[in-house]
$ cat query_2.cif   # mmCIF, C-alpha atoms
data_protein
loop_
_atom_site.label_atom_id
_atom_site.label_comp_id
_atom_site.auth_asym_id
_atom_site.auth_seq_id
_atom_site.Cartn_x
_atom_site.Cartn_y
_atom_site.Cartn_z
CA MET R 1 23.94 0.44 12.66
CA LYS R 2 20.14 0.41 12.72
CA LEU R 3 18.32 -2.43 14.43
CA GLY R 4 14.92 -3.46 13.06
CA ILE R 5 12.30 -5.00 15.34
CA LEU R 6 9.34 -7.01 14.03
CA GLY R 7 6.68 -7.93 16.55
CA GLY R 8 3.56 -6.88 18.39
CA SER R 9 2.49 -3.24 18.54
CA GLY R 10 3.32 -3.13 22.27
CA LEU R 11 7.04 -3.44 21.59
CA CYS R 12 7.38 0.13 20.30
CA GLN R 13 5.76 1.56 23.45
CA MET R 14 9.01 1.92 25.34
CA GLU R 15 9.70 4.84 27.68
CA GLU R 16 13.35 4.91 26.61
CA LEU R 17 12.48 5.50 22.94
CA GLU R 18 13.26 9.10 21.93
CA GLN R 19 12.89 11.26 18.82
CA ILE R 20 9.97 9.11 17.72
CA ARG R 21 8.59 9.50 14.23
CA ARG R 22 6.32 7.34 12.11
CA ARG R 23 7.51 6.64 8.57
CA THR R 24 5.11 5.48 5.87
CA VAL R 25 7.23 3.61 3.34
CA LYS R 26 6.23 2.82 -0.25
CA THR R 27 7.71 -0.35 -1.73
CA PRO R 28 7.57 -2.06 -5.14
CA PHE R 29 5.76 -4.91 -3.37
CA GLY R 30 2.90 -2.93 -1.92
CA ARG R 31 2.18 -1.63 1.55
CA PRO R 32 3.92 -2.87 4.71
CA SER R 33 1.81 -3.93 7.68
CA ASP R 34 1.82 -0.38 9.07
CA ALA R 35 3.96 2.73 9.37
CA PHE R 36 7.45 2.10 10.73
CA VAL R 37 8.14 3.60 14.15
CA CYS R 38 11.64 5.10 14.10
CA GLY R 39 13.44 6.36 17.18
CA ARG R 40 16.64 6.38 19.16
CA VAL R 41 17.66 4.67 22.39
CA GLY R 42 20.91 5.77 24.01
CA GLY R 43 22.11 7.26 20.75
CA HIS R 44 21.32 4.15 18.71
CA ASP R 45 18.77 4.04 15.87
CA VAL R 46 15.91 1.56 16.16
CA VAL R 47 13.07 0.85 13.71
CA PHE R 48 9.93 -0.98 14.87
CA LEU R 49 7.17 -2.51 12.76
CA PRO R 50 4.02 -4.14 14.16
CA ARG R 51 3.84 -7.31 12.06
CA HIS R 52 0.04 -7.58 12.24
CA GLY R 53 -0.54 -3.80 12.08
CA GLN R 54 -1.59 -1.54 14.93
CA GLY R 55 -4.49 -3.20 16.72
CA HIS R 56 -3.54 -6.64 15.33
CA ARG R 57 -5.62 -6.31 12.14
CA LEU R 58 -3.84 -8.75 9.82
CA LEU R 59 -4.07 -12.54 9.72
CA PRO R 60 -0.72 -14.34 9.36
CA SER R 61 -1.61 -15.14 5.72
CA GLU R 62 -2.48 -11.46 5.07
CA ILE R 63 0.93 -10.10 6.11
CA ASN R 64 2.86 -8.59 3.21
CA HIS R 65 6.25 -9.95 4.25
CA ARG R 66 7.98 -8.68 1.11
CA ALA R 67 6.86 -5.10 1.75
CA ASN R 68 7.83 -5.35 5.43
CA ILE R 69 11.39 -6.51 4.79
CA HIS R 70 11.83 -4.21 1.80
CA GLY R 71 10.77 -1.32 4.04
CA PHE R 72 13.47 -2.19 6.58
CA LYS R 73 16.01 -2.31 3.73
CA GLN R 74 14.97 1.12 2.49
CA LEU R 75 15.31 2.57 6.00
CA GLY R 76 18.89 1.39 6.29
CA VAL R 77 18.34 -1.45 8.76
CA GLU R 78 21.02 -4.18 8.72
CA ARG R 79 19.85 -6.50 11.50
CA VAL R 80 16.25 -7.60 12.10
CA LEU R 81 15.02 -9.14 15.34
CA SER R 82 11.67 -10.89 15.10
CA VAL R 83 9.63 -11.37 18.27
CA SER R 84 6.91 -13.96 17.81
CA ALA R 85 4.51 -16.05 19.86
CA VAL R 86 4.84 -19.82 19.39
CA GLY R 87 3.56 -23.11 20.76
CA SER R 88 5.97 -25.61 22.29
CA LEU R 89 6.25 -29.12 20.89
CA GLN R 90 8.57 -30.44 23.59
CA GLU R 91 8.00 -30.96 27.32
CA SER R 92 11.38 -29.42 28.11
CA ARG R 93 10.52 -26.10 26.47
CA ARG R 94 7.94 -24.48 28.69
CA PRO R 95 5.55 -21.57 28.31
CA ARG R 96 7.41 -18.25 28.78
CA ASP R 97 10.73 -19.80 27.76
CA VAL R 98 12.61 -18.16 24.86
CA VAL R 99 13.75 -20.17 21.83
CA LEU R 100 16.23 -18.63 19.40
CA ALA R 101 15.32 -20.84 16.48
CA ASP R 102 18.15 -21.74 14.11
CA GLN R 103 16.22 -24.08 11.77
CA TYR R 104 12.82 -24.19 10.07
CA PHE R 105 10.39 -26.73 8.66
CA ASP R 106 8.09 -25.23 6.03
CA ARG R 107 4.38 -26.06 5.95
CA ALA R 108 3.31 -22.88 4.16
CA LYS R 109 1.85 -22.77 0.67
CA ARG R 110 2.89 -19.28 -0.43
CA SER R 111 6.47 -19.70 -1.66
CA LEU R 112 6.12 -17.04 -4.37
CA ASP R 113 5.25 -14.49 -1.67
CA HIS R 114 8.39 -15.47 0.25
CA THR R 115 10.91 -14.28 -2.35
CA PHE R 116 11.69 -10.98 -4.03
CA PHE R 117 12.69 -12.76 -7.23
CA GLY R 118 10.72 -13.80 -10.31
CA GLY R 119 9.49 -11.71 -13.20
CA GLY R 120 12.54 -12.51 -15.29
CA MET R 121 15.24 -12.71 -12.59
CA VAL R 122 16.20 -15.97 -10.89
CA ALA R 123 18.25 -16.28 -7.71
CA HIS R 124 18.81 -19.13 -5.27
CA ILE R 125 20.10 -18.15 -1.84
CA ALA R 126 21.98 -20.51 0.46
CA PHE R 127 19.60 -21.35 3.30
CA ALA R 128 21.14 -24.31 5.12
CA GLU R 129 21.63 -21.98 8.09
CA PRO R 130 18.54 -19.77 7.86
CA THR R 131 19.34 -17.36 10.69
CA CYS R 132 22.49 -15.36 11.39
CA ALA R 133 24.71 -17.16 13.91
CA GLU R 134 26.59 -13.98 14.80
CA PHE R 135 23.38 -12.05 15.50
CA ARG R 136 21.89 -15.02 17.36
CA GLY R 137 24.87 -14.91 19.71
CA LEU R 138 24.16 -11.26 20.47
CA VAL R 139 20.46 -11.92 21.09
CA ALA R 140 21.31 -14.88 23.34
CA ALA R 141 23.75 -12.79 25.37
CA ALA R 142 21.17 -10.03 25.78
CA ALA R 143 18.39 -12.46 26.76
CA ARG R 144 20.56 -14.31 29.27
CA ALA R 145 21.70 -11.05 30.85
CA VAL R 146 18.08 -10.02 31.41
CA VAL R 147 17.07 -13.45 32.73
CA LYS R 148 20.06 -13.51 35.09
CA ARG R 149 19.01 -10.19 36.61
CA ARG R 150 15.53 -11.62 37.14
CA ARG R 151 16.67 -15.01 38.47
CA GLY R 152 14.35 -16.43 41.10
CA ARG R 153 11.38 -14.47 39.86
CA SER R 154 10.69 -15.45 36.26
CA GLY R 155 11.98 -19.02 35.83
CA VAL R 156 12.51 -18.21 32.14
CA ARG R 157 15.12 -20.20 30.22
CA VAL R 158 16.82 -19.24 26.96
CA PHE R 159 17.48 -21.88 24.29
CA GLU R 160 20.04 -20.90 21.64
CA ASP R 161 18.75 -23.41 19.09
CA GLY R 162 15.57 -25.08 17.94
CA THR R 163 13.49 -25.96 14.89
CA TYR R 164 10.51 -23.73 14.14
CA VAL R 165 7.62 -25.33 12.19
CA ASN R 166 6.00 -22.64 10.05
CA MET R 167 2.31 -23.34 9.40
CA GLU R 168 -0.22 -20.99 7.83
CA GLY R 169 -3.11 -20.73 10.27
CA PRO R 170 -5.11 -18.85 11.31
CA ALA R 171 -6.41 -21.97 13.07
CA PHE R 172 -4.04 -23.63 15.51
CA SER R 173 -2.72 -27.15 14.84
CA THR R 174 -4.89 -30.24 14.98
CA ARG R 175 -3.81 -32.75 17.62
CA ALA R 176 -2.62 -35.11 14.85
CA GLU R 177 -0.43 -32.38 13.33
CA SER R 178 0.96 -31.41 16.71
CA ARG R 179 1.83 -35.02 17.56
CA ALA R 180 3.52 -35.47 14.17
CA TYR R 181 5.67 -32.36 14.62
CA ARG R 182 6.65 -33.55 18.08
CA LYS R 183 7.63 -37.03 16.87
CA LEU R 184 9.79 -35.47 14.18
CA GLY R 185 11.75 -33.71 16.89
CA PHE R 186 10.67 -30.15 16.12
CA ASP R 187 10.63 -27.63 18.96
CA VAL R 188 8.10 -24.85 18.35
CA VAL R 189 5.30 -24.03 15.94
CA GLY R 190 4.29 -20.63 14.61
CA MET R 191 2.84 -18.84 11.59
CA THR R 192 5.12 -15.97 10.56
CA SER R 193 8.88 -16.35 10.94
CA LEU R 194 10.03 -18.40 7.94
CA ALA R 195 9.02 -15.86 5.29
CA GLU R 196 10.86 -13.15 7.24
CA ALA R 197 14.01 -15.27 7.42
CA LYS R 198 13.98 -16.02 3.68
CA LEU R 199 13.39 -12.42 2.66
CA CYS R 200 15.97 -11.04 5.06
CA ARG R 201 18.55 -13.39 3.57
CA GLU R 202 17.66 -12.19 0.05
CA ALA R 203 17.81 -8.58 1.25
CA GLU R 204 21.21 -9.32 2.84
CA LEU R 205 19.97 -8.47 6.33
CA CYS R 206 20.91 -10.41 9.44
CA TYR R 207 17.84 -12.09 10.93
CA GLN R 208 16.99 -13.87 14.15
CA THR R 209 13.66 -14.77 15.65
CA MET R 210 13.07 -14.66 19.37
CA ALA R 211 10.28 -17.22 19.71
CA MET R 212 8.37 -16.63 22.93
CA ILE R 213 6.48 -19.73 24.05
CA THR R 214 2.86 -19.14 25.06
CA ASP R 215 1.53 -22.72 25.29
CA TYR R 216 2.23 -26.43 24.72
CA ASP R 217 0.28 -26.47 21.46
CA CYS R 218 -2.33 -29.29 21.66
CA TRP R 219 -0.25 -32.49 21.80
CA ARG R 220 -0.55 -32.74 25.61
CA GLU R 221 -3.92 -34.42 26.12
CA THR R 222 -3.78 -33.71 29.85
CA ASP R 223 -4.01 -29.99 29.04
CA SER R 224 -6.97 -28.02 27.74
CA PRO R 225 -6.83 -27.24 24.00
CA VAL R 226 -4.96 -24.09 23.06
CA SER R 227 -7.15 -21.01 23.51
CA VAL R 228 -6.70 -17.29 23.02
CA GLU R 229 -7.30 -16.74 26.76
CA MET R 230 -4.46 -19.11 27.67
CA ILE R 231 -2.10 -17.49 25.21
CA MET R 232 -2.83 -13.90 26.24
CA GLY R 233 -1.68 -14.39 29.84
CA HIS R 234 1.72 -15.66 28.74
CA LEU R 235 1.85 -13.15 25.89
CA LEU R 236 1.68 -10.16 28.24
CA SER R 237 4.52 -11.54 30.34
CA ASN R 238 6.54 -12.35 27.21
CA THR R 239 6.09 -8.80 25.88
CA GLU R 240 7.62 -7.29 29.01
CA LEU R 241 10.55 -9.70 28.79
CA ALA R 242 11.00 -8.94 25.09
CA LYS R 243 11.17 -5.21 25.79
CA ALA R 244 13.89 -5.77 28.38
CA VAL R 245 15.87 -7.96 25.98
CA ILE R 246 15.57 -5.37 23.22
CA MET R 247 16.90 -2.66 25.53
CA GLU R 248 19.89 -4.88 26.36
CA LEU R 249 20.41 -5.76 22.69
CA ILE R 250 20.30 -2.27 21.16
CA PRO R 251 23.85 -1.16 22.11
CA MET R 252 25.23 -4.64 21.38
CA SER R 253 23.75 -4.68 17.87
CA ALA R 254 25.61 -1.50 16.96
CA ALA R 255 28.74 -3.61 16.41
CA LEU R 256 29.87 -4.03 12.81
CA ARG R 257 28.79 -7.20 11.05
CA ARG R 258 31.43 -9.85 10.43
CA CYS R 259 29.02 -12.48 9.12
CA GLY R 260 28.30 -13.29 5.48
CA CYS R 261 24.71 -12.00 5.45
CA GLY R 262 25.73 -8.76 3.75
CA SER R 263 26.89 -10.63 0.64
CA ALA R 264 24.27 -13.41 0.52
CA LEU R 265 23.43 -12.63 -3.14
CA LYS R 266 27.02 -12.50 -4.38
CA ASN R 267 26.78 -15.79 -6.29
CA ALA R 268 23.03 -16.35 -6.08
CA ILE R 269 21.75 -14.56 -9.20
CA LEU R 270 21.66 -17.00 -12.13
CA THR R 271 20.01 -14.87 -14.80
CA ASP R 272 22.25 -13.36 -17.48
CA ARG R 273 22.39 -9.67 -16.63
CA LYS R 274 21.52 -8.76 -20.23
CA ALA R 275 18.37 -10.89 -20.05
CA ILE R 276 16.91 -9.21 -16.96
CA PRO R 277 13.84 -7.12 -17.90
CA PRO R 278 14.43 -3.42 -17.13
CA ARG R 279 11.22 -3.24 -15.10
CA THR R 280 12.35 -6.14 -12.90
CA ALA R 281 15.81 -4.62 -12.47
CA TRP R 282 14.19 -1.36 -11.37
CA LYS R 283 11.79 -3.13 -9.01
CA LEU R 284 14.66 -4.97 -7.33
CA ARG R 285 17.14 -2.10 -7.31
CA TRP R 286 17.19 -1.94 -3.47
CA ILE R 287 17.91 -5.68 -3.33
CA VAL R 288 20.32 -6.30 -6.20
CA GLY R 289 21.43 -2.84 -7.32
CA LYS R 290 25.05 -3.31 -6.27
CA TYR R 291 25.25 -6.50 -8.36
CA LEU R 292 23.78 -4.87 -11.47
CA GLY R 293 25.98 -1.83 -11.38
CA GLY R 294 23.27 0.52 -10.21
#

$ encode --input "query_2.cif" --output "structure tokens"
Amino acid sequence: MKLGILGGSGLCQMEELEQIRRRTVKTPFGRPSDAFVCGRVGGHDVVFLPRHGQGHRLLPSEINHRANIHGFKQLGVERVLSVSAVGSLQESRRPRDVVLADQYFDRAKRSLDHTFFGGGMVAHIAFAEPTCAEFRGLVAAAARAVVKRRRGRSGVRVFEDGTYVNMEGPAFSTRAESRAYRKLGFDVVGMTSLAEAKLCREAELCYQTMAMITDYDCWRETDSPVSVEMIMGHLLSNTELAKAVIMELIPMSAALRRCGCGSALKNAILTDRKAIPPRTAWKLRWIVGKYLGG
């Protein structure tokens, strides 16, 4: 079973990655962020995609999430791990800690870009539990195994739950926004994960984000405002940890899926099959083909 990895370009620079090849994938939704980096680790297939493109060229609002997830689908990926930098909204969740978010609060304004549907086909996915609990358990086990081996040196903690506030950016939060999120009990804030979670559910892929905390956002007035310099120091450390977790996760993720993600669209399509425009049916053939008889 292929594991897909979404994150920074540094994640695919792993010594253990063999048989490396770059795949440029065409999708009905345009171009993905970059070429997919395909390889093998210990006999297991892995597919990497730098979310912001090589060299970090794309703003969060410029990312073509539909093309990215569709590309993973075309390449036969069934589980997608997202590695993302976030700000903490709670004192107890410190920079360099790992939060495996299981809930989201949406502050984006691009809902039509966060679904494959439209153009004559309507579907409503169940999204009460937006990430895959089975996959989250595997990621948590992998992360805790790595942290345990590093005990006494890193001080990193792994949280197997948390609410991720998805804002658009590219500017960071105002202090008023950050305080409001904190009072509402949310845990971390970021700019990319929610669209990925929605589209993976529609594509019937398991999804989990590994939110790597880089700062306390700006709600702590005793701290300096969030800056790129502050974030980069934690980001480099987080990248090394993420690589180690991925290496631990790869053999674990080869297990067969027993969750319901692979049939998320079974009862979600509302449009009469005879009323679906042929062009839309063709465009969504990778997503809904098995439900349309083709």

$ residues_around --input "query_2.cif" --residues "range 87-91 of chain R" --least-positions-apart "6" --cutoff "6 Å" --atoms "all atoms listed in the file" --output "PyMOL selection string"
chain R and resi 182+187-189+213-217

$ residues_near_point --input "query_2.cif" --point "(4.7, -25.4, 4.3)" --cutoff "9 Å" --atoms "only C-alpha atoms" --output "ChimeraX atom specification"
/R:105-111,165-168

$ closest_residue --input "query_2.cif" --among "R:Gly262, R:Gly43, R:Gly7, R:Gly137" --to "Glu160 in chain R" --atoms "all atoms listed in the file"
R:Gly137

$ atom_distance --input "query_2.cif" --atom1 "CA of Gly289 in chain R" --atom2 "CA of Ala67 in chain R"
17.3 Å

$ residues_near_point --input "query_2.cif" --point "(12.8, 7.3, 13.6)" --cutoff "10 Å" --atoms "all atoms listed in the file" --output "ChimeraX atom specification"
/R:17-23,36-40,45-48,75

$ resolve_selection --input "query_2.cif" --expression "the PyMOL selection byres ((chain R and resi 269-278) around 10)" --output "JSON, numbers by chain"
{"R": [117, 119, 120, 121, 122, 123, 124, 125, 265, 266, 267, 268, 279, 280, 281, 282, 283, 284, 288, 291, 292]}

$ resolve_selection --input "query_2.cif" --expression "the PyMOL selection byres ((chain R and resi 64) around 8)" --output "ChimeraX atom specification"
/R:30-33,62-63,65-68

$ write_last_selection --input "query_2.cif" --atoms "C-alpha atoms" --output "mmCIF file, in the frame of the given file"
data_model
loop_
_atom_site.group_PDB
_atom_site.id
_atom_site.type_symbol
_atom_site.label_atom_id
_atom_site.label_comp_id
_atom_site.auth_asym_id
_atom_site.auth_seq_id
_atom_site.Cartn_x
_atom_site.Cartn_y
_atom_site.Cartn_z
ATOM 1 C CA GLY R 30 2.900 -2.930 -1.920
ATOM 2 C CA ARG R 31 2.180 -1.630 1.550
ATOM 3 C CA PRO R 32 3.920 -2.870 4.710
ATOM 4 C CA SER R 33 1.810 -3.930 7.680
ATOM 5 C CA GLU R 62 -2.480 -11.460 5.070
ATOM 6 C CA ILE R 63 0.930 -10.100 6.110
ATOM 7 C CA HIS R 65 6.250 -9.950 4.250
ATOM 8 C CA ARG R 66 7.980 -8.680 1.110
ATOM 9 C CA ALA R 67 6.860 -5.100 1.750
ATOM 10 C CA ASN R 68 7.830 -5.350 5.430
#

$ resolve_selection --input "query_2.cif" --expression "the PyMOL selection byres ((chain R and resi 134) around 10)" --output "number ranges by chain"
R: 131-133, 135-139, 206-208, 257-261
